[in-house]
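Shown next: entry20.csv, given as CSV, N, CA and C atoms.
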chain,number,residue,atom,x,y,z
I,86,MET,N,-10.9,-7.0,-17.4
I,86,MET,CA,-10.7,-5.8,-16.7
I,86,MET,C,-9.9,-4.9,-17.5
I,87,SER,N,-10.3,-3.6,-17.5
I,87,SER,CA,-9.6,-2.6,-18.2
I,87,SER,C,-8.3,-2.2,-17.5
I,88,GLU,N,-7.3,-1.9,-18.2
I,88,GLU,CA,-6.0,-1.6,-17.6
I,88,GLU,C,-5.5,-0.3,-18.3
I,89,SER,N,-4.6,0.4,-17.6
I,89,SER,CA,-4.0,1.6,-18.2
I,89,SER,C,-2.9,1.2,-19.1
I,90,SER,N,-2.3,2.2,-19.7
I,90,SER,CA,-1.3,2.0,-20.7
I,90,SER,C,0.0,1.4,-20.0
I,91,ASN,N,0.2,1.7,-18.7
I,91,ASN,CA,1.4,1.1,-18.1
I,91,ASN,C,1.1,-0.2,-17.4
I,92,ASN,N,0.0,-0.8,-17.8
I,92,ASN,CA,-0.4,-2.1,-17.3
I,92,ASN,C,-0.9,-2.2,-15.9
I,93,LYS,N,-1.3,-1.1,-15.3
I,93,LYS,CA,-1.9,-1.1,-14.0
I,93,LYS,C,-3.4,-1.0,-14.1
I,94,PRO,N,-4.1,-1.8,-13.3
I,94,PRO,CA,-5.6,-1.8,-13.3
I,94,PRO,C,-6.1,-0.4,-13.0
I,95,TYR,N,-7.2,-0.1,-13.7
I,95,TYR,CA,-8.0,1.2,-13.4
I,95,TYR,C,-8.7,1.0,-12.1
I,96,ASP,N,-9.2,-0.2,-11.8
I,96,ASP,CA,-10.0,-0.5,-10.6
I,96,ASP,C,-9.1,-0.3,-9.4
I,97,LEU,N,-9.4,0.7,-8.6
I,97,LEU,CA,-8.5,1.0,-7.4
I,97,LEU,C,-8.6,-0.2,-6.4
I,98,GLU,N,-9.8,-0.8,-6.3
I,98,GLU,CA,-9.9,-1.9,-5.3
I,98,GLU,C,-8.9,-3.1,-5.8
I,99,GLU,N,-8.9,-3.3,-7.0
I,99,GLU,CA,-8.0,-4.4,-7.6
I,99,GLU,C,-6.5,-4.0,-7.4
I,100,ARG,N,-6.2,-2.7,-7.6
I,100,ARG,CA,-4.9,-2.2,-7.5
I,100,ARG,C,-4.4,-2.3,-6.1
I,101,THR,N,-5.2,-2.0,-5.1
I,101,THR,CA,-4.8,-2.1,-3.7
I,101,THR,C,-4.6,-3.5,-3.3
I,102,LEU,N,-5.5,-4.4,-3.8
I,102,LEU,CA,-5.3,-5.8,-3.6
I,102,LEU,C,-4.0,-6.3,-4.1
I,103,LEU,N,-3.6,-5.9,-5.3
I,103,LEU,CA,-2.3,-6.3,-5.9
I,103,LEU,C,-1.1,-5.8,-5.1
I,104,LEU,N,-1.2,-4.6,-4.6
I,104,LEU,CA,-0.2,-4.1,-3.7
I,104,LEU,C,0.0,-5.0,-2.5
I,105,ALA,N,-1.1,-5.3,-1.8
I,105,ALA,CA,-1.0,-6.2,-0.6
I,105,ALA,C,-0.4,-7.5,-1.0
I,106,LYS,N,-0.9,-8.1,-2.1
I,106,LYS,CA,-0.4,-9.4,-2.5
I,106,LYS,C,1.1,-9.4,-2.8
I,107,ASP,N,1.5,-8.4,-3.6
I,107,ASP,CA,2.9,-8.3,-4.0
I,107,ASP,C,3.8,-8.1,-2.8
I,108,ILE,N,3.3,-7.3,-1.8
I,108,ILE,CA,4.1,-7.1,-0.6
I,108,ILE,C,4.3,-8.4,0.2
I,109,ARG,N,3.2,-9.2,0.2
I,109,ARG,CA,3.3,-10.5,0.9
I,109,ARG,C,4.3,-11.5,0.2
I,110,ILE,N,4.3,-11.4,-1.1
I,110,ILE,CA,5.3,-12.2,-1.8
I,110,ILE,C,6.7,-11.7,-1.6
I,111,PHE,N,6.9,-10.4,-1.6
I,111,PHE,CA,8.2,-9.8,-1.3
I,111,PHE,C,8.7,-10.2,0.0
I,112,ILE,N,7.8,-10.1,1.0
I,112,ILE,CA,8.3,-10.4,2.4
I,112,ILE,C,8.8,-11.9,2.5
I,113,LYS,N,8.3,-12.8,1.7
I,113,LYS,CA,8.8,-14.1,1.8
I,113,LYS,C,10.2,-14.3,1.4
I,114,THR,N,10.8,-13.2,0.7
I,114,THR,CA,12.2,-13.3,0.3
I,114,THR,C,13.2,-12.8,1.3
I,115,LEU,N,12.6,-12.2,2.4
I,115,LEU,CA,13.5,-11.5,3.4
I,115,LEU,C,14.1,-12.6,4.3
I,116,LYS,N,15.3,-12.3,4.8
I,116,LYS,CA,15.8,-13.1,5.9
I,116,LYS,C,15.0,-12.8,7.1
I,117,MET,N,14.6,-13.8,7.9
I,117,MET,CA,13.7,-13.6,9.0
I,117,MET,C,14.5,-13.3,10.3
I,118,THR,N,15.1,-12.1,10.3
I,118,THR,CA,15.7,-11.6,11.5
I,118,THR,C,14.6,-11.1,12.5
I,119,VAL,N,14.9,-10.8,13.7
I,119,VAL,CA,14.0,-10.3,14.6
I,119,VAL,C,13.4,-9.0,14.1
I,120,ALA,N,14.2,-8.1,13.6
I,120,ALA,CA,13.7,-6.8,13.0
I,120,ALA,C,12.8,-7.0,11.8
I,121,ASN,N,13.2,-7.9,10.9
I,121,ASN,CA,12.4,-8.1,9.7
I,121,ASN,C,11.1,-8.7,10.0
I,122,VAL,N,11.1,-9.6,11.0
I,122,VAL,CA,9.8,-10.2,11.4
I,122,VAL,C,8.8,-9.1,11.9
I,123,GLU,N,9.3,-8.3,12.7
I,123,GLU,CA,8.5,-7.2,13.3
I,123,GLU,C,8.1,-6.2,12.2
I,124,ASP,N,9.0,-5.8,11.4
I,124,ASP,CA,8.8,-4.8,10.3
I,124,ASP,C,7.8,-5.4,9.3
I,125,SER,N,8.0,-6.7,9.0
I,125,SER,CA,7.1,-7.4,8.1
I,125,SER,C,5.6,-7.4,8.6
I,126,LYS,N,5.5,-7.7,9.9
I,126,LYS,CA,4.1,-7.7,10.4
I,126,LYS,C,3.5,-6.4,10.3
I,127,GLN,N,4.2,-5.3,10.5
I,127,GLN,CA,3.6,-3.9,10.4
I,127,GLN,C,3.3,-3.7,8.9
I,128,LEU,N,4.2,-4.1,8.0
I,128,LEU,CA,3.9,-3.9,6.6
I,128,LEU,C,2.7,-4.7,6.1
I,129,VAL,N,2.6,-5.9,6.5
I,129,VAL,CA,1.4,-6.7,6.1
I,129,VAL,C,0.2,-6.0,6.6
I,130,ARG,N,0.1,-5.5,7.8
I,130,ARG,CA,-1.1,-4.9,8.3
I,130,ARG,C,-1.4,-3.6,7.5
I,131,SER,N,-0.4,-2.8,7.3
I,131,SER,CA,-0.7,-1.5,6.7
I,131,SER,C,-1.0,-1.7,5.2
I,132,SER,N,-0.4,-2.6,4.5
I,132,SER,CA,-0.6,-2.8,3.1
I,132,SER,C,-2.0,-3.4,2.9
I,133,GLY,N,-2.4,-4.3,3.7
I,133,GLY,CA,-3.8,-4.8,3.6
I,133,GLY,C,-4.9,-3.8,4.0
I,134,SER,N,-4.5,-2.9,4.9
I,134,SER,CA,-5.5,-1.9,5.3
I,134,SER,C,-5.7,-0.8,4.3
I,135,VAL,N,-4.8,-0.6,3.4
I,135,VAL,CA,-5.0,0.3,2.3
I,135,VAL,C,-6.3,-0.1,1.5
I,136,GLY,N,-6.3,-1.3,1.1
I,136,GLY,CA,-7.4,-1.8,0.3
I,136,GLY,C,-8.7,-2.0,1.1
I,137,SER,N,-8.6,-2.5,2.3
I,137,SER,CA,-9.8,-2.8,3.1
I,137,SER,C,-10.5,-1.5,3.4
I,138,ASN,N,-9.8,-0.5,3.7
I,138,ASN,CA,-10.4,0.8,4.0
I,138,ASN,C,-11.0,1.5,2.8
I,139,TYR,N,-10.3,1.3,1.7
I,139,TYR,CA,-10.9,1.8,0.4
I,139,TYR,C,-12.2,1.1,0.1
I,140,ILE,N,-12.3,-0.2,0.3
I,140,ILE,CA,-13.5,-0.9,0.0
I,140,ILE,C,-14.6,-0.4,1.0
I,141,GLU,N,-14.2,-0.2,2.2
I,141,GLU,CA,-15.2,0.3,3.2
I,141,GLU,C,-15.7,1.7,2.8
I,142,ALA,N,-14.8,2.5,2.2
I,142,ALA,CA,-15.1,3.9,1.8
I,142,ALA,C,-16.2,3.8,0.7
I,143,ASN,N,-16.0,2.8,-0.2
I,143,ASN,CA,-17.0,2.7,-1.3
I,143,ASN,C,-18.4,2.2,-0.8
I,144,GLU,N,-18.4,1.7,0.4
I,144,GLU,CA,-19.7,1.3,0.9
I,144,GLU,C,-20.2,2.3,2.0
I,145,ALA,N,-19.6,3.4,2.1
I,145,ALA,CA,-19.9,4.4,3.1
I,145,ALA,C,-21.4,4.9,2.9
I,146,LEU,N,-21.9,5.2,4.1
I,146,LEU,CA,-23.3,5.7,4.1
I,146,LEU,C,-23.5,7.2,4.0
I,147,SER,N,-22.3,7.9,4.1
I,147,SER,CA,-22.4,9.4,3.9
I,147,SER,C,-21.1,9.8,3.3
I,148,LYS,N,-21.1,11.1,2.8
I,148,LYS,CA,-19.8,11.6,2.2
I,148,LYS,C,-18.8,11.8,3.3
I,149,LYS,N,-19.2,12.2,4.5
I,149,LYS,CA,-18.2,12.3,5.6
I,149,LYS,C,-17.6,11.0,5.9
I,150,ASP,N,-18.3,9.9,6.0
I,150,ASP,CA,-17.8,8.6,6.2
I,150,ASP,C,-16.8,8.2,5.1
I,151,PHE,N,-17.2,8.5,3.8
I,151,PHE,CA,-16.4,8.1,2.7
I,151,PHE,C,-15.1,8.8,2.8
I,152,LYS,N,-15.1,10.1,3.1
I,152,LYS,CA,-13.8,10.9,3.1
I,152,LYS,C,-13.0,10.4,4.3
I,153,PHE,N,-13.6,10.0,5.4
I,153,PHE,CA,-12.8,9.5,6.6
I,153,PHE,C,-12.1,8.2,6.2
I,154,ARG,N,-12.8,7.3,5.5
I,154,ARG,CA,-12.3,6.0,5.2
I,154,ARG,C,-11.1,6.1,4.2
I,155,VAL,N,-11.3,7.1,3.2
I,155,VAL,CA,-10.3,7.3,2.2
I,155,VAL,C,-9.0,7.9,2.9
I,156,LYS,N,-9.2,8.7,3.9
I,156,LYS,CA,-8.1,9.3,4.6
I,156,LYS,C,-7.3,8.2,5.4
I,157,ILE,N,-8.1,7.3,5.9
I,157,ILE,CA,-7.4,6.1,6.6
I,157,ILE,C,-6.6,5.3,5.6
I,158,SER,N,-7.2,5.1,4.4
I,158,SER,CA,-6.5,4.3,3.4
I,158,SER,C,-5.3,5.0,3.0
I,159,ARG,N,-5.3,6.3,2.8
I,159,ARG,CA,-4.1,7.1,2.4
I,159,ARG,C,-3.1,7.0,3.5
I,160,LYS,N,-3.5,7.1,4.8
I,160,LYS,CA,-2.6,7.0,5.9
I,160,LYS,C,-1.8,5.6,5.9
I,161,GLU,N,-2.6,4.6,5.6
I,161,GLU,CA,-2.0,3.2,5.6
I,161,GLU,C,-1.0,3.1,4.4
I,162,ALA,N,-1.3,3.8,3.3
I,162,ALA,CA,-0.4,3.7,2.1
I,162,ALA,C,0.9,4.4,2.5
I,163,LYS,N,0.8,5.6,3.2
I,163,LYS,CA,2.0,6.3,3.7
I,163,LYS,C,2.8,5.4,4.6
I,164,GLU,N,2.1,4.7,5.5
I,164,GLU,CA,2.8,3.8,6.5
I,164,GLU,C,3.4,2.7,5.7
I,165,SER,N,2.8,2.1,4.7
I,165,SER,CA,3.4,1.0,3.9
I,165,SER,C,4.7,1.5,3.3
I,166,VAL,N,4.7,2.7,2.8
I,166,VAL,CA,6.0,3.3,2.2
I,166,VAL,C,7.1,3.3,3.3
I,167,TYR,N,6.7,3.8,4.5
I,167,TYR,CA,7.7,3.8,5.6
I,167,TYR,C,8.3,2.5,5.9
I,168,TRP,N,7.4,1.4,6.0
I,168,TRP,CA,8.0,0.1,6.4
I,168,TRP,C,8.8,-0.5,5.2
I,169,LEU,N,8.4,-0.2,4.0
I,169,LEU,CA,9.1,-0.7,2.8
I,169,LEU,C,10.5,0.0,2.8
I,170,ARG,N,10.5,1.3,3.0
I,170,ARG,CA,11.8,2.0,3.0
I,170,ARG,C,12.7,1.5,4.2
I,171,LEU,N,12.1,1.2,5.3
I,171,LEU,CA,12.9,0.8,6.5
I,171,LEU,C,13.5,-0.6,6.1
I,172,ILE,N,12.7,-1.5,5.6
I,172,ILE,CA,13.2,-2.8,5.2
I,172,ILE,C,14.3,-2.7,4.2
I,173,THR,N,14.1,-1.9,3.2
I,173,THR,CA,15.0,-1.7,2.1
I,173,THR,C,16.3,-1.2,2.6
I,174,GLU,N,16.3,-0.2,3.5
I,174,GLU,CA,17.5,0.5,3.9
I,174,GLU,C,18.3,-0.3,5.0
I,175,THR,N,17.7,-1.4,5.5
I,175,THR,CA,18.3,-2.1,6.6
I,175,THR,C,18.7,-3.6,6.2
I,176,ASN,N,18.5,-3.9,4.9
I,176,ASN,CA,18.8,-5.2,4.4
I,176,ASN,C,19.6,-5.1,3.1
I,177,GLU,N,20.4,-6.1,2.9
I,177,GLU,CA,21.0,-6.3,1.6
I,177,GLU,C,20.1,-7.1,0.7
I,178,LEU,N,19.3,-6.5,-0.1
I,178,LEU,CA,18.3,-7.2,-0.9
I,178,LEU,C,18.8,-7.6,-2.2
I,179,LEU,N,18.5,-8.8,-2.6
I,179,LEU,CA,18.8,-9.3,-4.0
I,179,LEU,C,17.8,-8.7,-4.9
I,180,ASN,N,16.6,-8.4,-4.4
I,180,ASN,CA,15.5,-7.9,-5.3
I,180,ASN,C,15.2,-6.5,-4.9
I,181,GLU,N,16.2,-5.6,-4.9
I,181,GLU,CA,16.0,-4.2,-4.5
I,181,GLU,C,15.1,-3.5,-5.5
I,182,ASN,N,15.1,-3.8,-6.8
I,182,ASN,CA,14.2,-3.2,-7.7
I,182,ASN,C,12.8,-3.5,-7.4
I,183,GLU,N,12.5,-4.7,-7.0
I,183,GLU,CA,11.1,-5.1,-6.6
I,183,GLU,C,10.7,-4.2,-5.4
I,184,ALA,N,11.6,-4.0,-4.5
I,184,ALA,CA,11.2,-3.1,-3.3
I,184,ALA,C,10.9,-1.7,-3.8
I,185,LYS,N,11.8,-1.2,-4.7
I,185,LYS,CA,11.6,0.1,-5.2
I,185,LYS,C,10.2,0.2,-5.9
I,186,ASP,N,9.9,-0.8,-6.7
I,186,ASP,CA,8.6,-0.8,-7.4
I,186,ASP,C,7.4,-0.8,-6.4
I,187,LEU,N,7.6,-1.5,-5.3
I,187,LEU,CA,6.5,-1.5,-4.3
I,187,LEU,C,6.4,-0.1,-3.6
I,188,ILE,N,7.5,0.5,-3.4
I,188,ILE,CA,7.5,1.8,-2.8
I,188,ILE,C,6.8,2.8,-3.8
I,189,GLN,N,7.2,2.7,-5.0
I,189,GLN,CA,6.6,3.6,-6.0
I,189,GLN,C,5.1,3.4,-6.1
I,190,GLU,N,4.6,2.1,-6.1
I,190,GLU,CA,3.2,1.8,-6.2
I,190,GLU,C,2.4,2.3,-5.0
I,191,ALA,N,3.0,2.1,-3.8
I,191,ALA,CA,2.3,2.6,-2.6
I,191,ALA,C,2.3,4.2,-2.6
I,192,THR,N,3.3,4.8,-3.1
I,192,THR,CA,3.3,6.3,-3.2
I,192,THR,C,2.3,6.7,-4.2
I,193,GLU,N,2.2,6.1,-5.4
I,193,GLU,CA,1.2,6.4,-6.4
I,193,GLU,C,-0.2,6.3,-5.8
I,194,LEU,N,-0.5,5.2,-5.1
I,194,LEU,CA,-1.8,5.0,-4.4
I,194,LEU,C,-2.1,6.1,-3.4
I,195,LYS,N,-1.1,6.5,-2.7
I,195,LYS,CA,-1.2,7.6,-1.7
I,195,LYS,C,-1.6,8.9,-2.5
I,196,LYS,N,-1.0,9.2,-3.6
I,196,LYS,CA,-1.3,10.4,-4.4
I,196,LYS,C,-2.7,10.3,-5.0
I,197,ILE,N,-3.1,9.1,-5.4
I,197,ILE,CA,-4.5,9.0,-6.0
I,197,ILE,C,-5.5,9.2,-4.9
I,198,LEU,N,-5.2,8.6,-3.7
I,198,LEU,CA,-6.2,8.7,-2.6
I,198,LEU,C,-6.2,10.2,-2.1
I,199,SER,N,-5.1,10.9,-2.2
I,199,SER,CA,-5.1,12.3,-1.8
I,199,SER,C,-6.0,13.1,-2.8
I,200,ALA,N,-5.9,12.8,-4.1
I,200,ALA,CA,-6.7,13.5,-5.1
I,200,ALA,C,-8.2,13.2,-4.8
I,201,ILE,N,-8.5,12.0,-4.5
I,201,ILE,CA,-9.9,11.6,-4.2
I,201,ILE,C,-10.4,12.5,-3.0
I,202,ILE,N,-9.6,12.6,-2.0
I,202,ILE,CA,-10.0,13.4,-0.8
I,202,ILE,C,-10.2,14.8,-1.2
I,203,GLU,N,-9.3,15.4,-2.0
I,203,GLU,CA,-9.4,16.8,-2.4
I,203,GLU,C,-10.7,17.0,-3.2
I,204,LYS,N,-11.1,16.1,-4.0
I,204,LYS,CA,-12.3,16.2,-4.8
I,204,LYS,C,-13.6,15.9,-4.1
I,205,SER,N,-13.5,15.3,-2.9
I,205,SER,CA,-14.8,14.9,-2.3
I,205,SER,C,-15.2,15.9,-1.2
Serialized structure, structure tokens:
Amino acid sequence: MSESSNNKPYDLEERTLLLAKDIRIFIKTLKMTVANVEDSKQLVRSSGSVGSNYIEANEALSKKDFKFRVKISRKEAKESVYWLRLITETNELLNENEAKDLIQEATELKKILSAIIEKS
């Protein structure tokens, strides 16, 4: 697989999969309070939805459907940033840098998806 100079995959399907996987690994490090359980459920759903909707966009039957699916994917990336920020700001994390990296990656994916929408 080809990768960019900063070691991130060029393949957006793979990159979205890695985000969802890394978030699931990160969640395992959290204390399972009532709030963290609920926030984690939301984060798991939104992070997985980024990639699944992007895959559906790539299989779209029309440009309109493609654009719609990419918009959903972007919305889910934005939601993932929200849940990550909420978890980060309400916990004393030992791995705060990992959380910041996940927020940065979800934000970058949101920007990439926005660019795709603008160009389609």
Inset, instruction - Rank nothing, just name the residue among I:Lys156, I:Lys113, I:Arg130, I:Arg100 nearest to Ile202 in chain I, using all atoms listed in the file. - result: I:Lys156
Legend entry - Point-to-point distance in Å for CA of Leu104 in chain I and CA of Leu146 in chain I: 26.3 Å
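Among the candidate residues I:Ser147, I:Ser158, I:Asn121, I:Ser134, the one lying nearest to Ala105 in chain I is I:Ser134, with distances computed using all atoms listed in the file.
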Inset, instruction - Name all residues at most 8 Å from Ile188 in chain I (count all atoms listed in the file; drop same-chain ones fewer than 2 positions away) and give them as a VMD selection string. - result: chain I and resid 165 to 167 169 to 170 182 to 186 190 to 194
Inset, instruction - Figure out the distance between atom N of Leu187 in chain I and atom N of Arg109 in chain I, please, to one decimal in Å. - result: 10.4 Å
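If all atoms listed in the file are the atoms counted, then among I:Ala200, I:Thr173, I:Ile112, I:Glu164 the closest residue to Gln127 in chain I is I:Glu164.
Atom pair atom C of Tyr139 in chain I / CA of Thr101 in chain I: separated by 8.9 Å.
Between Lys195 in chain I and the candidates I:Asp107, I:Glu141, I:Glu161, I:Glu177, the tightest atom-to-atom separation, counting all atoms listed in the file, involves I:Glu161.
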Inset, instruction - Write out as an NGL selection string all residues of chain I that backbone DSSP assigns to helix (DSSP H, G or I). - result: :I and (97-112 or 119-143 or 148-174 or 181-204)
Legend entry - Given all atoms listed in the file as the counted atoms, nearest of I:Lys148, I:Ser199, I:Ser137, I:Ile157 to Glu98 in chain I: I:Ser137
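The smallest atom-to-atom distance between Asn176 in chain I and any of I:Ser132, I:Phe111, I:Val155, I:Lys116, using only N, CA and C atoms, is found for I:Lys116.
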